[in-house]
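Shown next: input_5.cif, containing mmCIF, C-alpha atoms.
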```
data_work
loop_
_atom_site.label_atom_id
_atom_site.label_comp_id
_atom_site.auth_asym_id
_atom_site.auth_seq_id
_atom_site.Cartn_x
_atom_site.Cartn_y
_atom_site.Cartn_z
CA MET A 1 -4.95 -13.81 -16.92
CA ARG A 2 -1.49 -14.97 -17.92
CA SER A 3 -2.11 -14.25 -21.62
CA ALA A 4 -3.88 -11.03 -20.67
CA MET A 5 -0.78 -9.86 -18.81
CA ALA A 6 1.30 -10.82 -21.84
CA GLY A 7 -0.71 -8.28 -23.86
CA ASP A 8 -3.59 -10.36 -25.27
CA ASN A 9 -6.50 -7.91 -25.03
CA ALA A 10 -9.08 -10.44 -26.20
CA ALA A 11 -8.03 -12.90 -23.50
CA TYR A 12 -8.26 -10.10 -20.94
CA HIS A 13 -11.74 -9.22 -22.14
CA ARG A 14 -12.83 -12.87 -21.90
CA LEU A 15 -11.37 -13.21 -18.42
CA LEU A 16 -13.15 -10.12 -17.08
CA LYS A 17 -16.41 -11.27 -18.62
CA ALA A 18 -15.99 -14.73 -17.13
CA VAL A 19 -15.32 -13.55 -13.56
CA THR A 20 -18.08 -10.91 -13.53
CA PRO A 21 -21.00 -13.30 -12.77
CA VAL A 22 -19.02 -14.72 -9.86
CA LEU A 23 -18.29 -11.23 -8.54
CA ARG A 24 -21.93 -10.24 -9.01
CA ALA A 25 -23.19 -13.25 -7.07
CA ALA A 26 -20.70 -12.59 -4.28
CA SER A 27 -21.66 -8.91 -4.09
CA ARG A 28 -25.38 -9.73 -3.96
CA ARG A 29 -24.74 -12.27 -1.21
CA GLY A 30 -22.68 -9.75 0.72
CA LEU A 31 -25.33 -7.05 0.45
CA THR A 32 -28.13 -9.41 1.42
CA ARG A 33 -26.20 -10.74 4.40
CA ALA A 34 -25.59 -7.16 5.55
CA GLY A 35 -29.36 -6.59 5.36
CA GLN A 36 -29.19 -4.35 2.33
CA SER A 37 -30.79 -4.35 -1.04
CA PRO A 38 -28.89 -6.44 -3.62
CA ASP A 39 -29.86 -3.80 -6.19
CA GLN A 40 -26.57 -2.02 -5.65
CA ALA A 41 -24.47 -5.08 -6.41
CA GLU A 42 -23.55 -3.71 -9.82
CA ASP A 43 -21.80 -0.71 -8.25
CA ILE A 44 -19.65 -3.06 -6.22
CA VAL A 45 -18.95 -5.29 -9.24
CA GLN A 46 -17.68 -2.30 -11.20
CA ASP A 47 -15.62 -1.15 -8.24
CA ILE A 48 -14.00 -4.60 -8.05
CA LEU A 49 -13.36 -4.72 -11.80
CA LEU A 50 -11.63 -1.33 -11.69
CA ALA A 51 -9.45 -2.48 -8.79
CA VAL A 52 -8.61 -5.75 -10.55
CA HIS A 53 -7.58 -3.72 -13.58
CA LEU A 54 -5.50 -1.09 -11.78
CA LYS A 55 -3.83 -3.54 -9.38
CA ARG A 56 -3.27 -6.46 -11.73
CA HIS A 57 0.51 -6.04 -11.48
CA THR A 58 0.30 -7.20 -7.84
CA TRP A 59 -0.75 -10.64 -9.04
CA ASP A 60 2.24 -12.97 -9.16
CA VAL A 61 1.98 -14.79 -12.51
CA ASN A 62 3.21 -17.97 -10.84
CA ALA A 63 0.57 -17.88 -8.11
CA PRO A 64 -3.01 -19.14 -8.52
CA PHE A 65 -5.36 -16.41 -9.78
CA ALA A 66 -8.51 -17.11 -7.74
CA PRO A 67 -7.14 -16.24 -4.25
CA TRP A 68 -5.80 -12.96 -5.59
CA LEU A 69 -9.09 -12.10 -7.28
CA PHE A 70 -11.17 -12.93 -4.22
CA ALA A 71 -8.86 -10.97 -1.93
CA ILE A 72 -9.42 -7.88 -4.11
CA ALA A 73 -13.16 -8.56 -4.29
CA ARG A 74 -13.44 -9.09 -0.56
CA ASN A 75 -11.57 -5.90 0.19
CA LYS A 76 -13.84 -3.88 -2.12
CA LEU A 77 -17.00 -5.54 -0.81
CA ILE A 78 -16.12 -4.80 2.82
CA ASP A 79 -15.24 -1.25 1.86
CA ALA A 80 -18.55 -0.81 0.04
CA LEU A 81 -20.60 -2.30 2.87
CA ARG A 82 -18.86 -0.06 5.37
CA ARG A 83 -19.69 3.00 3.30
CA ARG A 84 -23.27 1.92 2.70
CA GLY A 85 -23.66 0.87 6.31
CA LYS A 86 -22.95 4.41 7.41
CA ARG A 87 -25.45 5.83 4.96
CA VAL A 88 -28.18 3.42 5.95
CA PHE A 89 -27.78 4.20 9.63
CA VAL A 90 -28.12 7.90 8.96
CA ASN A 91 -31.23 7.27 6.89
CA ILE A 92 -32.94 5.07 9.45
CA ASP A 93 -32.24 7.37 12.36
CA ASP A 94 -33.31 10.51 10.59
CA PHE A 95 -36.13 9.38 8.35
CA ALA A 96 -37.60 6.37 10.10
CA GLU A 97 -41.12 7.77 9.77
CA THR A 98 -40.87 8.79 6.14
CA LEU A 99 -38.82 5.81 4.98
CA PRO A 100 -41.70 3.91 3.31
CA GLU A 101 -42.59 6.99 1.28
CA GLN A 102 -39.10 7.42 -0.12
CA PRO A 103 -38.77 6.45 -3.76
CA LYS A 104 -37.10 3.11 -4.35
CA ALA A 105 -33.34 3.12 -4.61
CA GLU A 106 -31.81 3.74 -8.00
CA THR A 107 -31.74 0.35 -9.70
CA ALA A 108 -29.98 1.36 -12.88
CA SER A 109 -26.80 -0.62 -12.87
CA ALA A 110 -23.64 1.30 -12.13
CA ALA A 111 -25.20 4.50 -10.84
CA GLU A 112 -22.00 5.38 -9.01
CA VAL A 113 -19.57 5.09 -11.89
CA THR A 114 -21.97 6.95 -14.15
CA ALA A 115 -22.31 9.76 -11.62
CA GLN A 116 -18.53 10.10 -11.20
CA LEU A 117 -18.08 10.09 -14.95
CA ASN A 118 -19.47 13.61 -15.12
CA THR A 119 -16.85 14.94 -12.72
CA LEU A 120 -13.93 13.92 -14.95
CA PRO A 121 -12.06 16.51 -17.04
CA GLN A 122 -13.71 16.94 -20.42
CA ARG A 123 -11.06 15.25 -22.56
CA GLN A 124 -10.87 12.18 -20.31
CA ARG A 125 -14.64 11.92 -20.24
CA GLU A 126 -14.92 12.18 -24.02
CA VAL A 127 -12.30 9.49 -24.57
CA LEU A 128 -13.83 7.20 -21.97
CA GLN A 129 -17.32 7.64 -23.39
CA SER A 130 -16.16 7.09 -26.94
CA ILE A 131 -14.57 3.78 -26.01
CA ALA A 132 -17.07 2.61 -23.39
CA VAL A 133 -20.43 3.78 -24.72
CA GLU A 134 -19.83 4.08 -28.45
CA SER A 135 -17.44 1.10 -28.39
CA ALA A 136 -14.99 2.89 -30.65
CA SER A 137 -11.47 1.53 -30.87
CA ILE A 138 -8.46 3.48 -29.63
CA LYS A 139 -7.61 4.20 -33.26
CA ASP A 140 -11.06 5.58 -34.15
CA THR A 141 -11.17 7.62 -30.96
CA ALA A 142 -7.81 9.13 -31.80
CA LYS A 143 -9.05 10.07 -35.25
CA LYS A 144 -12.28 11.55 -33.91
CA PHE A 145 -10.60 13.86 -31.41
CA ALA A 146 -7.51 14.50 -33.58
CA MET A 147 -5.27 13.03 -30.88
CA SER A 148 -2.40 10.56 -31.17
CA GLU A 149 -3.18 6.98 -30.17
CA GLY A 150 -0.71 7.32 -27.33
CA ALA A 151 -2.54 10.38 -26.00
CA VAL A 152 -5.84 8.49 -26.17
CA ARG A 153 -4.31 5.63 -24.20
CA VAL A 154 -2.99 8.02 -21.57
CA ALA A 155 -6.33 9.86 -21.30
CA LEU A 156 -8.19 6.55 -21.03
CA HIS A 157 -5.92 5.26 -18.30
CA ARG A 158 -6.04 8.54 -16.37
CA ALA A 159 -9.83 8.51 -16.63
CA LEU A 160 -10.02 5.00 -15.18
CA ALA A 161 -7.54 5.79 -12.42
CA SER A 162 -9.28 9.00 -11.33
CA LEU A 163 -12.67 7.30 -11.55
CA THR A 164 -11.39 4.72 -9.07
CA ALA A 165 -9.97 7.40 -6.78
CA LYS A 166 -13.27 9.31 -6.81
CA LEU A 167 -15.24 6.18 -6.01
CA ARG A 168 -12.99 5.57 -3.04
CA GLU A 169 -13.33 9.09 -1.69
CA GLN A 170 -17.07 9.44 -2.04
CA MET B 1 -22.15 2.93 -17.90
CA ASP B 2 -23.10 -0.72 -17.76
CA THR B 3 -20.69 -3.42 -16.75
CA ASP B 4 -20.11 -4.78 -20.26
CA GLN B 5 -19.07 -1.32 -21.39
CA LEU B 6 -16.72 -1.02 -18.43
CA ILE B 7 -15.16 -4.40 -19.21
CA ARG B 8 -14.63 -3.41 -22.82
CA THR B 9 -12.98 -0.21 -21.66
CA LEU B 10 -10.69 -2.00 -19.23
CA ALA B 11 -9.66 -4.42 -21.99
CA ALA B 12 -8.88 -1.42 -24.22
CA ASP B 13 -6.58 -0.12 -21.46
CA ASN B 14 -4.68 -3.41 -21.26
CA ALA B 15 -1.72 -1.83 -23.05
CA TYR B 16 -1.00 0.12 -19.89
CA ARG B 17 1.55 -1.90 -17.92
CA PRO B 18 1.95 -0.83 -14.31
CA ARG B 19 5.48 -1.19 -12.92
CA PRO B 20 6.07 -3.85 -10.27
CA VAL B 21 5.63 -2.61 -6.70
CA GLY B 22 9.25 -3.46 -5.84
CA PHE B 23 10.51 -1.19 -8.60
CA VAL B 24 8.36 1.74 -7.51
CA LEU B 25 9.24 1.20 -3.84
CA ALA B 26 12.97 1.13 -4.64
CA LEU B 27 12.64 4.30 -6.72
CA MET B 28 10.81 6.13 -3.93
CA LEU B 29 13.33 5.06 -1.28
CA LEU B 30 16.24 6.11 -3.49
CA ALA B 31 14.61 9.50 -3.97
CA ALA B 32 14.10 9.97 -0.21
CA ALA B 33 17.51 8.65 0.87
CA PRO B 34 19.37 11.92 0.09
CA VAL B 35 16.98 13.80 2.40
CA SER B 36 17.75 11.47 5.30
CA LEU B 37 21.46 11.54 4.51
CA LEU B 38 21.40 15.33 4.43
CA LEU B 39 19.66 15.41 7.81
CA PHE B 40 22.27 13.01 9.16
CA PHE B 41 25.35 14.81 7.91
CA SER B 42 24.06 18.28 8.73
CA MET B 43 22.98 17.44 12.28
CA LEU B 44 25.09 14.51 13.41
CA GLY B 45 27.80 13.11 11.16
CA VAL B 46 29.87 9.97 11.67
CA ARG B 47 31.60 9.71 15.04
CA PRO B 48 35.26 10.78 14.86
CA ASP B 49 36.74 7.52 16.17
CA VAL B 50 34.88 5.38 13.64
CA MET B 51 38.01 3.62 12.38
CA SER B 52 38.96 2.25 15.78
CA ALA B 53 35.32 1.66 16.73
CA MET B 54 35.00 -0.74 13.81
CA HIS B 55 37.23 -3.17 15.68
CA ASN B 56 34.69 -3.28 18.51
CA PRO B 57 32.26 -6.15 17.84
CA LEU B 58 29.54 -4.35 19.80
CA PHE B 59 29.78 -1.38 17.42
CA ASP B 60 29.47 -3.71 14.45
CA LEU B 61 26.58 -5.53 16.08
CA LYS B 62 24.50 -2.34 15.99
CA PHE B 63 24.63 -2.40 12.21
CA ALA B 64 23.78 -6.07 12.06
CA VAL B 65 20.68 -5.41 14.17
CA THR B 66 19.49 -2.29 12.32
CA LEU B 67 20.18 -3.73 8.86
CA ALA B 68 18.40 -6.95 9.82
CA LEU B 69 15.39 -4.86 10.85
CA ALA B 70 15.49 -2.87 7.62
CA SER B 71 15.79 -6.01 5.45
CA ALA B 72 12.98 -7.75 7.30
CA GLY B 73 10.87 -4.64 6.81
CA ILE B 74 11.57 -4.42 3.08
CA ALA B 75 10.82 -8.11 2.51
CA ALA B 76 7.64 -8.01 4.61
CA SER B 77 6.27 -4.80 3.12
CA LEU B 78 6.80 -6.07 -0.42
CA HIS B 79 5.03 -9.25 0.58
CA LEU B 80 2.13 -7.34 2.16
CA SER B 81 1.67 -5.25 -0.99
CA ARG B 82 -0.08 -8.31 -2.48
CA PRO B 83 -3.77 -8.56 -1.60
CA GLU B 84 -4.11 -12.28 -0.93
CA VAL B 85 -1.42 -12.65 1.74
CA SER B 86 -1.06 -12.31 5.49
CA LEU B 87 2.09 -11.72 7.53
CA ALA B 88 2.27 -15.47 8.26
CA GLY B 89 5.64 -16.80 7.15
CA TYR B 90 7.21 -13.35 7.25
CA GLY B 91 6.68 -12.37 10.90
CA TRP B 92 9.65 -14.49 11.98
CA LEU B 93 11.95 -12.21 9.96
CA PHE B 94 11.55 -9.64 12.72
CA ALA B 95 12.87 -12.19 15.21
CA ILE B 96 16.29 -11.96 13.51
CA PRO B 97 17.16 -8.43 14.72
CA ALA B 98 15.69 -9.25 18.14
CA GLY B 99 17.74 -12.47 18.31
CA LEU B 100 20.94 -10.70 17.29
CA LEU B 101 20.33 -8.11 19.98
CA ALA B 102 19.67 -10.78 22.62
CA ALA B 103 22.86 -12.58 21.63
CA GLY B 104 24.71 -9.28 21.93
CA ILE B 105 23.36 -8.65 25.41
CA ALA B 106 24.36 -12.16 26.49
CA GLY B 107 27.78 -11.70 24.93
CA GLU B 108 28.35 -8.38 26.64
CA ALA B 109 27.25 -9.78 30.00
CA MET B 110 30.03 -12.38 29.79
CA MET B 111 32.71 -9.81 29.16
CA PRO B 112 34.37 -7.93 32.03
CA GLN B 113 32.86 -4.45 32.26
CA ARG B 114 34.24 -1.12 33.33
CA LEU B 115 30.82 0.47 33.66
CA PRO B 116 27.81 -0.74 35.66
CA MET B 117 24.85 -2.10 33.74
CA MET B 118 22.51 0.85 34.28
CA THR B 119 25.14 3.32 33.12
CA ARG B 120 25.55 1.38 29.91
CA LEU B 121 21.79 1.16 29.43
CA VAL B 122 21.14 4.84 30.06
CA GLY B 123 24.18 5.84 27.99
CA SER B 124 24.84 9.45 27.08
CA ASN B 125 22.91 9.96 23.85
CA SER B 126 19.45 8.65 24.58
CA ARG B 127 17.64 11.91 23.85
CA ILE B 128 19.44 12.47 20.53
CA CYS B 129 18.84 8.83 19.66
CA MET B 130 15.11 9.11 20.21
CA THR B 131 14.86 12.32 18.18
CA ALA B 132 17.27 11.57 15.37
CA ILE B 133 16.01 8.09 14.44
CA PRO B 134 12.35 9.12 14.00
CA LEU B 135 13.34 12.36 12.26
CA MET B 136 15.62 10.65 9.73
CA SER B 137 13.13 7.87 9.16
CA LEU B 138 10.20 10.13 8.28
CA PRO B 139 11.30 10.90 4.69
CA LEU B 140 11.91 7.19 4.15
CA LEU B 141 8.56 6.28 5.67
CA GLY B 142 6.77 8.77 3.45
CA ALA B 143 8.52 7.34 0.42
CA ALA B 144 7.70 3.78 1.44
CA ILE B 145 4.02 4.62 1.90
CA LEU B 146 3.94 6.28 -1.53
CA GLY B 147 5.62 3.23 -3.05
CA LEU B 148 3.26 0.80 -1.32
CA ARG B 149 0.22 2.75 -2.50
CA HIS B 150 1.16 1.33 -5.87
CA GLY B 151 0.48 -2.12 -4.42
CA ALA B 152 -2.76 -3.59 -3.12
CA PRO B 153 -2.33 -4.15 0.63
CA THR B 154 -5.49 -5.59 2.17
CA HIS B 155 -3.96 -5.14 5.65
CA PRO B 156 -3.17 -1.42 5.41
CA VAL B 157 -2.41 -0.87 9.10
CA LEU B 158 -0.01 -3.81 9.22
CA ALA B 159 1.63 -2.83 5.94
CA GLY B 160 2.10 0.71 7.25
CA ALA B 161 3.58 -0.55 10.51
CA VAL B 162 6.02 -2.78 8.64
CA ALA B 163 7.01 0.16 6.43
CA GLY B 164 7.59 2.14 9.63
CA ALA B 165 9.83 -0.58 11.08
CA MET B 166 11.74 -0.69 7.80
CA SER B 167 12.39 3.05 7.70
CA ALA B 168 13.35 3.01 11.39
CA GLY B 169 15.86 0.26 10.60
CA LEU B 170 17.40 2.34 7.81
CA ALA B 171 17.48 5.52 9.89
CA ALA B 172 18.95 3.63 12.87
CA THR B 173 21.71 2.31 10.61
CA LEU B 174 22.73 5.89 9.90
CA TYR B 175 22.39 6.89 13.53
CA ALA B 176 24.45 3.93 14.74
CA SER B 177 27.50 5.34 12.96
CA HIS B 178 27.17 8.56 14.95
CA CYS B 179 26.27 7.19 18.37
CA THR B 180 29.09 6.40 20.80
CA ASP B 181 26.89 4.16 22.97
CA ASP B 182 27.72 0.70 21.71
CA SER B 183 26.22 -1.38 24.51
CA PRO B 184 23.44 -3.69 23.25
CA LEU B 185 21.55 -2.66 26.41
CA PHE B 186 21.44 0.90 25.09
CA VAL B 187 20.37 -0.34 21.65
CA MET B 188 17.70 -2.54 23.16
CA THR B 189 16.20 0.34 25.11
CA TRP B 190 16.47 3.52 23.07
CA TYR B 191 16.63 2.22 19.52
CA THR B 192 13.61 0.08 20.27
CA ILE B 193 11.61 2.99 21.65
CA ALA B 194 12.51 5.08 18.59
CA ALA B 195 11.64 2.24 16.20
CA ALA B 196 8.36 1.55 17.99
CA LEU B 197 7.42 5.20 17.61
CA VAL B 198 8.10 5.14 13.86
CA THR B 199 6.24 1.83 13.55
CA ALA B 200 3.21 3.40 15.21
CA ILE B 201 3.38 6.40 12.89
CA GLY B 202 3.62 3.98 9.98
CA ALA B 203 0.54 2.07 11.15
CA LEU B 204 -1.38 5.32 11.39
CA ALA B 205 -0.24 6.43 7.95
CA GLY B 206 -1.09 2.99 6.59
CA SER B 207 -4.64 3.10 7.84
CA ARG B 208 -5.01 6.50 6.24
CA PHE B 209 -3.14 6.13 2.93
CA LEU B 210 -2.78 2.45 2.08
CA ARG B 211 -6.42 1.53 1.51
CA PHE B 212 -7.22 1.01 -2.12
#
```
Rewrite the structure of this file - the entire thing - as structure tokens.
Amino acid sequence: MRSAMAGDNAAYHRLLKAVTPVLRAASRRGLTRAGQSPDQAEDIVQDILLAVHLKRHTWDVNAPFAPWLFAIARNKLIDALRRRGKRVFVNIDDFAETLPEQPKAETASAAEVTAQLNTLPQRQREVLQSIAVESASIKDTAKKFAMSEGAVRVALHRALASLTAKLREQ
Amino acid sequence: MDTDQLIRTLAADNAYRPRPVGFVLALMLLAAAPVSLLLFFSMLGVRPDVMSAMHNPLFDLKFAVTLALASAGIAASLHLSRPEVSLAGYGWLFAIPAGLLAAGIAGEAMMPQRLPMMTRLVGSNSRICMTAIPLMSLPLLGAAILGLRHGAPTHPVLAGAVAGAMSAGLAATLYASHCTDDSPLFVMTWYTIAAALVTAIGALAGSRFLRF
């Protein structure tokens, strides 16, 4: 994380990849313990990763990284369980009889982020999709949309920030 | 979007460097300070005998108490903007203004008094005190909440309350230069009620706006 904060994008990528399995296991455990399907763990993992990214300046580079990471993860997990808890209660009260007939919950990873993606302004969505789905670089994306690299960076960051805000409000 | 794609995207956004929370908080407070100052000078203003009052240790004590509260609030809210912390180790900071006030009350009790205790406690400005401090602290509280939103407080209610105490301390510092009631008994009663009110508003605002 230290080299990531110093601007090493590859180190940052490695770090996020390395912590993801830990976050996934913790999210599955949390969901299971709350009596819910661990299928939705990926939504929580992505929620945590976004928060880690947008709040990484609150990590003190001289402090150990793990307590900071787990504090963020815990906060997001509790938040997610609270939101899901409400939904589940509504479902059970209202549809107790028909519950077994309901189709199984969406298992595609990251249903929530994908759904919110479509509510972003067009330019932000295009930039985000170019970089995320087509794995284009900032440079190529800039060329494709005839934007400056700085404008692509701004659009990308705004897209991530508003994605996070929308996830929180849902 | 699958998680690998998200991670790649976040890494691509690594060039974006968020400012430290302290910087943003300071900026917000500096932007809100003129509003509070305007409220103060348009409604109240400094008391006319301020030059002679400065030789009264009880007048000076008011500033020590309110500034100690404000400093404790700033330090604690910056601390609470980090996700992995609790108030432990910072809570005692709030004992400093309380201790100063207690020392002031003890000091005043040992001095010969012209006025009975209750008269000093009730004072003559209690209603203005309880209106002006919350009113002048609201712009600062709003600014502090905005600044702290930039952080990652995992105890949003506590962080909001601390921000409330901090803005009450700053507003009370302004008010203290207007108020002619210098008795620590007056400060203990009315300033505390006003600060508690702002702290409660801060806690409420924190629970609403400081979750991330």
Answer as a list in words, residues within 12 Å of (0.4, -8.9, -23.9) using all atoms listed in the file: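 These residues have at least one counted atom within 12 Å: Met1, Arg2, Ser3, Ala4, Met5, Ala6, Gly7, Asp8, Asn9, Ala10, Ala11 and Tyr12 of chain A; Ala11, Ala12, Asp13, Asn14, Ala15, Tyr16 and Arg17 of chain B.
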Keeping C-alpha atoms, export the residues of the selection given above as a PDB file, keeping the file's coordinate frame.
```
ATOM      1  CA  MET A   1      -4.950 -13.810 -16.920  1.00  0.00           C
ATOM      2  CA  ARG A   2      -1.490 -14.970 -17.920  1.00  0.00           C
ATOM      3  CA  SER A   3      -2.110 -14.250 -21.620  1.00  0.00           C
ATOM      4  CA  ALA A   4      -3.880 -11.030 -20.670  1.00  0.00           C
ATOM      5  CA  MET A   5      -0.780  -9.860 -18.810  1.00  0.00           C
ATOM      6  CA  ALA A   6       1.300 -10.820 -21.840  1.00  0.00           C
ATOM      7  CA  GLY A   7      -0.710  -8.280 -23.860  1.00  0.00           C
ATOM      8  CA  ASP A   8      -3.590 -10.360 -25.270  1.00  0.00           C
ATOM      9  CA  ASN A   9      -6.500  -7.910 -25.030  1.00  0.00           C
ATOM     10  CA  ALA A  10      -9.080 -10.440 -26.200  1.00  0.00           C
ATOM     11  CA  ALA A  11      -8.030 -12.900 -23.500  1.00  0.00           C
ATOM     12  CA  TYR A  12      -8.260 -10.100 -20.940  1.00  0.00           C
TER      13      TYR A  12
ATOM     14  CA  ALA B  11      -9.660  -4.420 -21.990  1.00  0.00           C
ATOM     15  CA  ALA B  12      -8.880  -1.420 -24.220  1.00  0.00           C
ATOM     16  CA  ASP B  13      -6.580  -0.120 -21.460  1.00  0.00           C
ATOM     17  CA  ASN B  14      -4.680  -3.410 -21.260  1.00  0.00           C
ATOM     18  CA  ALA B  15      -1.720  -1.830 -23.050  1.00  0.00           C
ATOM     19  CA  TYR B  16      -1.000   0.120 -19.890  1.00  0.00           C
ATOM     20  CA  ARG B  17       1.550  -1.900 -17.920  1.00  0.00           C
TER      21      ARG B  17
END
```
With the PyMOL selection byres ((chain A and resi 149-154) around 7) as the selection, what would be picked from this file? Answer as a VMD selection string, please. (chain A and resid 127 138 to 139 142 147 to 148 155 to 158) or (chain B and resid 13)
For CA of Ala26 in chain B and CA of Ala143 in chain B, quote the distance in Å rounded to one decimal.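 Going from CA of Ala26 in chain B over to CA of Ala143 in chain B, I get 9.2 Å.
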Selection under test: the PyMOL selection byres ((chain A) within 8 of (chain B)); residues as a PyMOL selection string: chain A and resi 4-5+7+9-10+12-13+16-17+42+45-46+49-51+53-55+57-59+67-68+70-72+75+109-111+113-114+128+131-133+135+137-138+153+156-157+168
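The interatomic distance for the pair CA of Val162 in chain B and CA of Thr199 in chain B works out to 6.7 Å.
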Of the listed residues B:Gly45, B:Pro57, B:Pro34, B:Gly89, that which approaches Gly107 in chain B most closely, counting only C-alpha atoms: B:Pro57
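The interatomic distance for the pair CA of Gly164 in chain B and CA of Ile128 in chain B works out to 19.1 Å.
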